[in-house]
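The file upload-v5.cif comes next; it holds mmCIF, C-alpha atoms and all ligand atoms.
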```cif
data_model
loop_
_atom_site.label_atom_id
_atom_site.label_comp_id
_atom_site.auth_asym_id
_atom_site.auth_seq_id
_atom_site.Cartn_x
_atom_site.Cartn_y
_atom_site.Cartn_z
CA MET A 1162 -188.19 264.72 -43.52
CA LYS A 1163 -190.27 262.29 -41.43
CA LYS A 1164 -190.22 262.75 -37.67
CA ILE A 1165 -190.04 260.20 -34.86
CA TYR A 1166 -190.73 261.11 -31.25
CA CYS A 1167 -189.39 258.86 -28.45
CA LEU A 1168 -191.71 258.97 -25.46
CA ASN A 1169 -189.26 256.72 -23.63
CA ALA A 1170 -185.60 256.44 -24.45
CA VAL A 1171 -185.26 253.23 -26.45
CA SER A 1172 -181.99 251.50 -27.33
CA GLY A 1173 -179.78 253.46 -29.74
CA CYS A 1174 -179.50 250.28 -31.84
CA GLY A 1175 -183.06 250.94 -32.92
CA THR A 1176 -182.88 254.64 -33.68
CA ALA A 1177 -179.58 254.04 -35.53
CA LEU A 1178 -181.65 252.16 -38.12
CA LEU A 1179 -183.62 255.27 -39.07
CA THR A 1180 -182.84 256.06 -42.69
CA GLU A 1181 -181.76 259.50 -43.92
CA ASP A 1182 -185.40 260.49 -44.56
CA TYR A 1183 -186.02 260.39 -40.81
CA ALA A 1184 -185.09 262.60 -37.85
CA LEU A 1185 -185.81 262.38 -34.15
CA THR A 1186 -187.92 265.21 -32.81
CA ASP A 1187 -188.45 266.60 -29.30
CA TYR A 1188 -192.04 267.49 -30.11
CA ILE A 1189 -194.81 264.92 -30.29
CA ASN A 1190 -196.97 267.48 -32.14
CA GLU A 1191 -194.89 267.17 -35.28
CA ALA A 1192 -194.31 263.40 -35.09
CA ASP A 1193 -195.22 260.93 -37.83
CA GLY A 1194 -194.35 258.07 -35.52
CA VAL A 1195 -193.89 257.53 -31.77
CA LEU A 1196 -191.63 255.00 -30.07
CA VAL A 1197 -192.64 254.07 -26.52
CA ARG A 1198 -191.62 251.57 -23.88
CA SER A 1199 -193.69 251.55 -20.66
CA ALA A 1200 -194.83 255.18 -20.33
CA SER A 1201 -198.61 255.57 -20.28
CA MET A 1202 -200.10 257.25 -23.35
CA HIS A 1203 -203.62 257.32 -21.94
CA GLU A 1204 -203.53 260.98 -20.98
CA LEU A 1205 -201.73 262.22 -24.09
CA GLU A 1206 -203.29 264.19 -26.90
CA PHE A 1207 -202.39 262.72 -30.25
CA PRO A 1208 -201.43 265.16 -33.00
CA GLU A 1209 -203.39 265.22 -36.27
CA GLY A 1210 -200.66 263.83 -38.49
CA LEU A 1211 -199.57 260.93 -36.25
CA LEU A 1212 -199.50 257.74 -38.32
CA ALA A 1213 -198.09 255.04 -36.05
CA ILE A 1214 -197.02 254.13 -32.52
CA ALA A 1215 -194.60 251.29 -31.84
CA ARG A 1216 -194.34 249.77 -28.39
CA ALA A 1217 -190.85 248.39 -27.74
CA GLY A 1218 -192.27 245.46 -25.77
CA ALA A 1219 -195.09 242.94 -25.82
CA GLY A 1220 -197.96 244.47 -23.80
CA VAL A 1221 -199.91 247.39 -25.27
CA ASN A 1222 -202.02 248.29 -22.25
CA ASN A 1223 -200.19 251.64 -21.91
CA ILE A 1224 -201.68 252.73 -25.26
CA PRO A 1225 -205.34 253.78 -25.75
CA LEU A 1226 -206.11 251.33 -28.55
CA ASP A 1227 -209.72 252.44 -29.17
CA GLU A 1228 -208.67 256.05 -29.55
CA CYS A 1229 -205.86 255.05 -31.92
CA ALA A 1230 -208.27 252.95 -33.99
CA SER A 1231 -210.76 255.82 -34.24
CA LYS A 1232 -207.98 258.19 -35.36
CA GLY A 1233 -206.45 255.74 -37.82
CA ILE A 1234 -203.17 255.48 -35.88
CA VAL A 1235 -201.61 252.05 -36.34
CA VAL A 1236 -200.20 250.48 -33.16
CA PHE A 1237 -197.34 247.96 -33.26
CA ASN A 1238 -195.71 245.86 -30.57
CA THR A 1239 -192.59 243.70 -30.75
CA PRO A 1240 -193.70 240.13 -30.06
CA GLY A 1241 -190.89 237.77 -29.14
CA ALA A 1242 -188.20 240.45 -29.13
CA ASN A 1243 -187.75 240.31 -25.36
CA ALA A 1244 -189.01 236.76 -24.79
CA ASN A 1245 -185.61 235.32 -23.92
CA GLY A 1246 -184.88 238.11 -21.41
CA VAL A 1247 -188.20 237.59 -19.64
CA LYS A 1248 -187.85 233.79 -19.71
CA GLU A 1249 -184.45 233.96 -18.03
CA LEU A 1250 -185.83 236.14 -15.22
CA VAL A 1251 -188.81 233.81 -14.76
CA ILE A 1252 -186.35 230.96 -14.24
CA ALA A 1253 -184.51 233.11 -11.68
CA GLY A 1254 -187.92 233.71 -10.04
CA LEU A 1255 -188.54 229.95 -9.85
CA MET A 1256 -185.17 229.52 -8.15
CA LEU A 1257 -185.73 232.42 -5.75
CA ALA A 1258 -189.05 230.90 -4.72
CA SER A 1259 -187.62 227.40 -4.26
CA ARG A 1260 -184.24 228.06 -2.60
CA ASP A 1261 -183.62 230.66 0.10
CA ILE A 1262 -181.07 232.52 -2.00
CA GLU A 1263 -182.24 235.89 -0.63
CA GLY A 1264 -181.86 234.70 3.00
CA GLY A 1265 -178.44 233.20 2.30
CA ILE A 1266 -177.07 236.32 0.60
CA CYS A 1267 -178.34 238.57 3.42
CA TRP A 1268 -176.80 236.22 5.98
CA CYS A 1269 -173.37 236.54 4.29
CA LYS A 1270 -173.60 240.32 3.96
CA ASP A 1271 -174.77 240.73 7.58
CA ASN A 1272 -172.05 238.48 8.97
CA LYS A 1273 -169.87 240.32 11.48
CA ASP A 1274 -167.38 237.55 12.19
CA ASP A 1275 -165.14 237.23 9.11
CA GLU A 1276 -162.75 234.81 10.82
CA ASN A 1277 -165.45 232.25 11.47
CA ILE A 1278 -167.73 232.79 8.51
CA ALA A 1279 -166.88 229.48 6.84
CA LYS A 1280 -167.51 227.55 10.07
CA SER A 1281 -170.80 229.22 10.88
CA ALA A 1282 -171.94 228.68 7.27
CA GLU A 1283 -172.61 225.09 8.37
CA LYS A 1284 -175.53 226.45 10.42
CA ALA A 1285 -176.69 228.60 7.53
CA LYS A 1286 -176.94 225.50 5.34
CA LYS A 1287 -179.70 224.26 7.61
CA ALA A 1288 -181.41 227.62 7.96
CA PHE A 1289 -181.60 228.42 4.25
CA GLY A 1290 -182.55 225.12 2.65
CA GLY A 1291 -185.04 224.70 -0.16
CA CYS A 1292 -186.50 222.31 -2.70
CA GLU A 1293 -185.70 221.41 -6.29
CA ILE A 1294 -187.94 222.22 -9.25
CA ARG A 1295 -187.20 219.01 -11.17
CA GLY A 1296 -190.26 216.78 -11.21
CA LYS A 1297 -192.57 219.53 -9.95
CA LYS A 1298 -195.68 220.48 -11.93
CA LEU A 1299 -195.59 223.88 -13.60
CA GLY A 1300 -198.65 225.50 -15.17
CA VAL A 1301 -197.99 228.10 -17.86
CA ILE A 1302 -201.03 230.28 -18.52
CA GLY A 1303 -200.63 231.98 -21.89
CA LEU A 1304 -198.55 230.41 -24.65
CA GLY A 1305 -197.44 233.41 -26.67
CA ALA A 1306 -193.76 234.02 -27.38
CA ILE A 1307 -192.79 234.35 -23.70
CA GLY A 1308 -195.02 231.59 -22.31
CA THR A 1309 -193.77 229.17 -24.96
CA GLU A 1310 -190.12 229.96 -24.15
CA VAL A 1311 -190.79 229.52 -20.42
CA ALA A 1312 -192.66 226.23 -20.96
CA ASN A 1313 -189.91 224.74 -23.14
CA ALA A 1314 -187.07 225.87 -20.85
CA CYS A 1315 -188.76 224.55 -17.72
CA SER A 1316 -189.51 221.26 -19.41
CA SER A 1317 -185.81 220.91 -20.20
CA LEU A 1318 -185.09 221.59 -16.50
CA GLY A 1319 -187.13 218.48 -15.73
CA MET A 1320 -190.40 220.12 -14.71
CA ASP A 1321 -193.69 218.49 -15.66
CA VAL A 1322 -195.19 221.34 -17.69
CA TYR A 1323 -198.86 222.04 -18.41
CA GLY A 1324 -199.72 224.81 -20.87
CA TYR A 1325 -203.04 226.61 -21.28
CA ASP A 1326 -203.96 229.13 -23.94
CA PRO A 1327 -207.37 229.25 -25.62
CA PHE A 1328 -205.96 231.50 -28.37
CA ILE A 1329 -202.66 229.76 -29.11
CA SER A 1330 -201.30 230.69 -32.56
CA VAL A 1331 -200.21 228.04 -35.05
CA ASN A 1332 -196.70 229.52 -34.86
CA ALA A 1333 -196.53 229.13 -31.08
CA ALA A 1334 -198.04 225.64 -31.22
CA TRP A 1335 -195.26 224.54 -33.56
CA LYS A 1336 -192.61 225.90 -31.22
CA LEU A 1337 -194.02 224.16 -28.15
CA SER A 1338 -192.03 221.13 -27.07
CA ARG A 1339 -193.83 217.78 -27.38
CA ASN A 1340 -193.31 217.32 -23.65
CA ILE A 1341 -195.74 220.13 -22.75
CA LYS A 1342 -199.22 218.95 -21.88
CA HIS A 1343 -201.42 221.41 -23.76
CA ILE A 1344 -204.67 221.42 -21.82
CA THR A 1345 -208.05 222.95 -22.59
CA SER A 1346 -209.03 224.27 -19.17
CA ALA A 1347 -207.11 226.48 -16.78
CA ASP A 1348 -208.82 224.62 -13.90
CA THR A 1349 -206.47 221.66 -14.40
CA ILE A 1350 -203.54 224.01 -13.81
CA TYR A 1351 -205.17 225.62 -10.77
CA GLN A 1352 -205.92 222.23 -9.22
CA GLU A 1353 -202.78 220.26 -10.02
CA CYS A 1354 -199.76 222.51 -10.33
CA ASP A 1355 -197.08 223.30 -7.75
CA TYR A 1356 -195.96 226.39 -9.65
CA ILE A 1357 -198.13 228.63 -11.84
CA THR A 1358 -196.74 231.34 -14.11
CA LEU A 1359 -198.80 233.97 -15.94
CA HIS A 1360 -197.98 235.07 -19.49
CA ILE A 1361 -201.19 236.62 -20.70
CA PRO A 1362 -202.05 240.16 -21.82
CA LEU A 1363 -203.99 242.58 -19.65
CA VAL A 1364 -207.48 243.01 -21.12
CA ASP A 1365 -210.86 243.48 -19.40
CA SER A 1366 -211.44 239.73 -19.10
CA THR A 1367 -208.05 238.99 -17.51
CA LYS A 1368 -208.03 241.84 -14.97
CA GLY A 1369 -208.03 240.36 -11.44
CA MET A 1370 -208.32 236.81 -12.83
CA VAL A 1371 -206.16 235.39 -10.03
CA ASN A 1372 -208.66 236.07 -7.26
CA GLN A 1373 -210.05 234.35 -4.18
CA SER A 1374 -212.14 231.77 -6.06
CA VAL A 1375 -209.23 230.79 -8.31
CA LEU A 1376 -206.78 230.72 -5.38
CA ASP A 1377 -209.20 228.47 -3.46
CA GLN A 1378 -208.91 225.86 -6.21
CA MET A 1379 -205.11 225.73 -5.97
CA LYS A 1380 -202.93 223.30 -4.07
CA ASP A 1381 -201.76 224.38 -0.62
CA GLY A 1382 -198.28 225.88 -0.82
CA VAL A 1383 -198.48 226.77 -4.52
CA VAL A 1384 -195.96 229.26 -5.94
CA ILE A 1385 -197.32 231.93 -8.30
CA LEU A 1386 -195.18 233.96 -10.69
CA ASN A 1387 -196.42 237.10 -12.39
CA PHE A 1388 -194.16 238.51 -15.08
CA ALA A 1389 -197.11 239.57 -17.24
CA ARG A 1390 -199.06 242.49 -15.76
CA ASP A 1391 -199.69 243.74 -12.23
CA VAL A 1392 -203.47 243.82 -12.10
CA LEU A 1393 -203.98 240.29 -13.40
CA VAL A 1394 -203.72 239.39 -9.71
CA ASN A 1395 -206.12 240.63 -7.06
CA GLU A 1396 -203.53 241.82 -4.56
CA ASP A 1397 -205.83 241.74 -1.50
CA ASP A 1398 -206.76 238.13 -2.18
CA MET A 1399 -203.10 237.29 -2.79
CA ALA A 1400 -202.07 238.90 0.52
CA LYS A 1401 -204.62 236.72 2.35
CA ALA A 1402 -203.51 233.58 0.52
CA LEU A 1403 -199.88 234.25 1.45
CA GLN A 1404 -200.82 234.85 5.05
CA SER A 1405 -202.79 231.60 5.31
CA GLY A 1406 -200.01 229.60 3.59
CA LYS A 1407 -202.25 228.72 0.63
CA VAL A 1408 -199.65 230.45 -1.53
CA LYS A 1409 -196.06 229.78 -0.44
CA LYS A 1410 -194.44 232.50 -2.54
CA TYR A 1411 -195.69 235.18 -4.91
CA VAL A 1412 -192.97 236.27 -7.32
CA THR A 1413 -193.95 239.43 -9.13
CA ASP A 1414 -192.11 241.71 -11.55
CA PHE A 1415 -194.43 244.57 -10.52
CA PRO A 1416 -193.65 246.57 -7.41
CA ASN A 1417 -196.56 248.39 -5.81
CA PRO A 1418 -197.33 249.45 -2.23
CA LYS A 1419 -199.24 246.21 -1.60
CA SER A 1420 -196.96 243.64 -3.21
CA VAL A 1421 -193.74 244.90 -1.63
CA HIS A 1422 -195.14 244.55 1.90
CA MET A 1423 -196.79 241.15 1.54
CA GLU A 1424 -195.37 238.40 3.70
CA GLY A 1425 -193.86 235.87 1.28
CA SER A 1426 -193.73 238.05 -1.81
CA ILE A 1427 -190.60 238.35 -3.92
CA VAL A 1428 -190.85 241.62 -5.77
CA ILE A 1429 -188.69 242.69 -8.72
CA PRO A 1430 -188.96 246.21 -10.23
CA HIS A 1431 -190.18 245.23 -13.74
CA LEU A 1432 -186.80 243.97 -14.94
CA GLY A 1433 -188.00 241.10 -17.16
CA ALA A 1434 -187.04 242.83 -20.40
CA SER A 1435 -184.23 244.93 -18.95
CA THR A 1436 -181.31 243.28 -20.68
CA GLU A 1437 -179.11 244.82 -23.35
CA GLU A 1438 -180.19 242.14 -25.80
CA SER A 1439 -183.94 242.51 -25.23
CA GLU A 1440 -183.79 246.29 -25.32
CA ASP A 1441 -181.82 246.22 -28.58
CA ASN A 1442 -184.14 243.64 -30.17
CA CYS A 1443 -187.29 245.54 -29.17
CA ALA A 1444 -186.00 248.92 -30.36
CA LYS A 1445 -184.82 247.51 -33.69
CA MET A 1446 -188.11 245.74 -34.36
CA ALA A 1447 -190.15 248.81 -33.35
CA VAL A 1448 -188.17 251.13 -35.67
CA GLU A 1449 -188.37 248.69 -38.58
CA GLU A 1450 -192.13 248.35 -38.10
CA ILE A 1451 -192.71 252.12 -38.04
CA MET A 1452 -190.55 252.79 -41.10
CA ASP A 1453 -192.05 249.92 -43.08
CA TYR A 1454 -195.51 251.30 -42.39
CA ILE A 1455 -194.74 254.96 -43.05
CA ASP A 1456 -192.64 254.26 -46.15
CA ASN A 1457 -194.43 251.28 -47.67
CA GLY A 1458 -197.79 250.96 -45.93
CA ASN A 1459 -196.82 247.51 -44.66
CA ILE A 1460 -198.33 246.42 -41.35
CA ARG A 1461 -196.26 243.94 -39.33
CA ASN A 1462 -197.28 242.73 -35.85
CA SER A 1463 -199.97 245.36 -35.26
C1 LIG A 1501 -193.38 244.05 -22.18
O1 LIG A 1501 -194.58 244.30 -22.28
O2 LIG A 1501 -192.82 243.34 -23.03
C2 LIG A 1501 -192.57 244.65 -21.07
O3 LIG A 1501 -193.35 245.46 -20.28
C3 LIG A 1501 -191.40 245.35 -21.67
C4 LIG A 1501 -190.67 246.35 -20.82
O4 LIG A 1501 -190.27 246.09 -19.70
O5 LIG A 1501 -190.43 247.43 -21.34
#
```
Write out the structure in this file as structure tokens.
Ligand code: MLT
Amino acid sequence: MKKIYCLNAVSGCGTALLTEDYALTDYINEADGVLVRSASMHELEFPEGLLAIARAGAGVNNIPLDECASKGIVVFNTPGANANGVKELVIAGLMLASRDIEGGICWCKDNKDDENIAKSAEKAKKAFGGCEIRGKKLGVIGLGAIGTEVANACSSLGMDVYGYDPFISVNAAWKLSRNIKHITSADTIYQECDYITLHIPLVDSTKGMVNQSVLDQMKDGVVILNFARDVLVNEDDMAKALQSGKVKKYVTDFPNPKSVHMEGSIVIPHLGASTEESEDNCAKMAVEEIMDYIDNGNIRNS
């Protein structure tokens, strides 16, 4: 019997696919394969017989890749499986940054005068106005599965979309709408876009890439969205840029003590992939990858 250890609970749709040769175990020490979502594996000791780890998600920065490579443990992720879920939340982020939805909802909830709420809403209309995203320039940095979905969706909402990715795959390039301006330097995005959204992995070269010198290049009042990874953005520099008005809104899917208290930040608790559909897709793909490797030696998406 082959054993699978779940470091995080993943959707039952995935584990239901395990064939009769497999069982779930409560002990990582006896596992042939590990399923993980966002829990960090950096401090874990890997057992001798561990063959594969599958991340039910896109980013693999919670897994010590060098250690896995040296021990011959194959690491999989699930590219594209949660792309639609993340894309939809990015669009919500664009709306939250452009319209004062948050202010308007709080105003309604805080209202103490039920009788006159409809009448006083006339004043609220003025207080919680916003702008439209149609016709605005959006820069998408990173054109993997999620970035491509975001670029195409925003283009169909009427935004003027610029895409940048020095490592774009042929597959992603085919999926990119003809309306996206695929550019060869991120500087064009920094200098020209009204909205900038990050969809790149966290590696040494991308850590802190949105810093003072990059922010200085941007248009005044730019909106930045980060649904990729927390530390891509230098939070101290972002706090200053928000304070000076250089950045109008910073929408981030990563709560931390700095981001939640910044003036002008909109912070979401890492919910991009938290939909039934994304969780099911990721878990299914992760389980299929692990079994295909353990049973047949096939490596998909590693
Ligand atoms: C990802 O890397 O795709 C996300 O972090 C997934 C998640 O929220 O689990």
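A straight line drawn from CA of Ala1434 in chain A to CA of Leu1255 in chain A is 16.7 Å long.
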Point-to-point distance in Å for atom C4 of ligand LIG 1501 (chain A) and CA of Ala1219 in chain A: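 According to the coordinates, CA of Ala1219 in chain A and atom C4 of ligand LIG 1501 (chain A) are separated by 7.5 Å.
Restricting the atom set to all atoms listed in the file, one finds that the residues within 8 Å of ligand LIG 1501 (chain A) amount to Arg1198, Ser1199, Ala1217, Gly1218, Ala1219, Gly1220, Val1221, Thr1239, Pro1240, Asn1243, Ala1244, Ala1389, Arg1390, His1431, Leu1432, Gly1433, Ala1434, Ser1435 and Glu1440 of chain A.
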Long-range neighbours of range 1327-1344 of chain A as a VMD selection string, 10 Å cut-off, all atoms listed in the file, 5 positions minimum in chain: chain A and resid 1299 to 1317 1320 to 1322 1349 to 1350
Between CA of Asn1245 in chain A and CA of Asp1441 in chain A - distance in Å to one decimal: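 Rounded to one decimal, the two atoms are 12.4 Å apart.
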From A:Lys1380, A:Lys1407, A:Arg1295, A:Lys1287, residue lying nearest Met1256 in chain A [all atoms listed in the file]: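 When distances to Met1256 in chain A are compared using all atoms listed in the file, the smallest one comes from A:Arg1295.
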Is it possible to add N, CA and C atoms to range 1187-1211 of chain A and hand it back as an mmCIF file, in the frame of the given file?
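What follows is the written file rebuild.cif:
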```
data_model
loop_
_atom_site.group_PDB
_atom_site.id
_atom_site.type_symbol
_atom_site.label_atom_id
_atom_site.label_comp_id
_atom_site.auth_asym_id
_atom_site.auth_seq_id
_atom_site.Cartn_x
_atom_site.Cartn_y
_atom_site.Cartn_z
ATOM 1 N N ASP A 1187 -188.127 266.440 -30.721
ATOM 2 C CA ASP A 1187 -188.450 266.600 -29.300
ATOM 3 C C ASP A 1187 -189.924 266.941 -29.112
ATOM 4 N N TYR A 1188 -190.654 267.033 -30.208
ATOM 5 C CA TYR A 1188 -192.040 267.490 -30.110
ATOM 6 C C TYR A 1188 -193.002 266.457 -30.686
ATOM 7 N N ILE A 1189 -193.855 265.933 -29.818
ATOM 8 C CA ILE A 1189 -194.810 264.920 -30.290
ATOM 9 C C ILE A 1189 -195.757 265.513 -31.340
ATOM 10 N N ASN A 1190 -196.007 266.830 -31.229
ATOM 11 C CA ASN A 1190 -196.970 267.480 -32.140
ATOM 12 C C ASN A 1190 -196.587 267.372 -33.612
ATOM 13 N N GLU A 1191 -195.284 267.233 -33.877
ATOM 14 C CA GLU A 1191 -194.890 267.170 -35.280
ATOM 15 C C GLU A 1191 -194.488 265.744 -35.704
ATOM 16 N N ALA A 1192 -194.797 264.762 -34.817
ATOM 17 C CA ALA A 1192 -194.310 263.400 -35.090
ATOM 18 C C ALA A 1192 -195.180 262.640 -36.099
ATOM 19 N N ASP A 1193 -194.520 261.883 -36.968
ATOM 20 C CA ASP A 1193 -195.220 260.930 -37.830
ATOM 21 C C ASP A 1193 -195.348 259.593 -37.095
ATOM 22 N N GLY A 1194 -194.340 259.321 -36.265
ATOM 23 C CA GLY A 1194 -194.350 258.070 -35.520
ATOM 24 C C GLY A 1194 -193.833 258.284 -34.107
ATOM 25 N N VAL A 1195 -194.339 257.443 -33.167
ATOM 26 C CA VAL A 1195 -193.890 257.530 -31.770
ATOM 27 C C VAL A 1195 -193.331 256.172 -31.363
ATOM 28 N N LEU A 1196 -192.181 256.207 -30.684
ATOM 29 C CA LEU A 1196 -191.630 255.000 -30.070
ATOM 30 C C LEU A 1196 -191.862 255.101 -28.565
ATOM 31 N N VAL A 1197 -192.344 254.030 -27.957
ATOM 32 C CA VAL A 1197 -192.640 254.070 -26.520
ATOM 33 C C VAL A 1197 -192.267 252.747 -25.888
ATOM 34 N N ARG A 1198 -191.841 252.810 -24.624
ATOM 35 C CA ARG A 1198 -191.620 251.570 -23.880
ATOM 36 C C ARG A 1198 -192.784 251.419 -22.902
ATOM 37 N N SER A 1199 -192.611 251.812 -21.622
ATOM 38 C CA SER A 1199 -193.690 251.550 -20.660
ATOM 39 C C SER A 1199 -194.486 252.788 -20.267
ATOM 40 N N ALA A 1200 -194.109 253.975 -20.740
ATOM 41 C CA ALA A 1200 -194.830 255.180 -20.330
ATOM 42 C C ALA A 1200 -196.287 255.105 -20.783
ATOM 43 N N SER A 1201 -197.184 255.599 -19.916
ATOM 44 C CA SER A 1201 -198.610 255.570 -20.280
ATOM 45 C C SER A 1201 -198.916 256.647 -21.307
ATOM 46 N N MET A 1202 -199.688 256.285 -22.323
ATOM 47 C CA MET A 1202 -200.100 257.250 -23.350
ATOM 48 C C MET A 1202 -201.561 257.615 -23.178
ATOM 49 N N HIS A 1203 -202.172 257.134 -22.077
ATOM 50 C CA HIS A 1203 -203.620 257.320 -21.940
ATOM 51 C C HIS A 1203 -204.027 258.780 -21.774
ATOM 52 N N GLU A 1204 -203.155 259.583 -21.203
ATOM 53 C CA GLU A 1204 -203.530 260.980 -20.980
ATOM 54 C C GLU A 1204 -203.036 261.907 -22.086
ATOM 55 N N LEU A 1205 -202.334 261.354 -23.058
ATOM 56 C CA LEU A 1205 -201.730 262.220 -24.090
ATOM 57 C C LEU A 1205 -202.726 262.627 -25.155
ATOM 58 N N GLU A 1206 -202.486 263.811 -25.723
ATOM 59 C CA GLU A 1206 -203.290 264.190 -26.900
ATOM 60 C C GLU A 1206 -202.493 263.832 -28.137
ATOM 61 N N PHE A 1207 -203.118 263.126 -29.047
ATOM 62 C CA PHE A 1207 -202.390 262.720 -30.250
ATOM 63 C C PHE A 1207 -202.504 263.790 -31.329
ATOM 64 N N PRO A 1208 -201.380 264.142 -31.942
ATOM 65 C CA PRO A 1208 -201.430 265.160 -33.000
ATOM 66 C C PRO A 1208 -202.125 264.628 -34.255
ATOM 67 N N GLU A 1209 -202.668 265.530 -35.023
ATOM 68 C CA GLU A 1209 -203.390 265.220 -36.270
ATOM 69 C C GLU A 1209 -202.651 264.245 -37.193
ATOM 70 N N GLY A 1210 -201.369 264.574 -37.442
ATOM 71 C CA GLY A 1210 -200.660 263.830 -38.490
ATOM 72 C C GLY A 1210 -200.014 262.528 -38.018
ATOM 73 N N LEU A 1211 -200.249 262.128 -36.765
ATOM 74 C CA LEU A 1211 -199.570 260.930 -36.250
ATOM 75 C C LEU A 1211 -200.066 259.673 -36.986
#
```
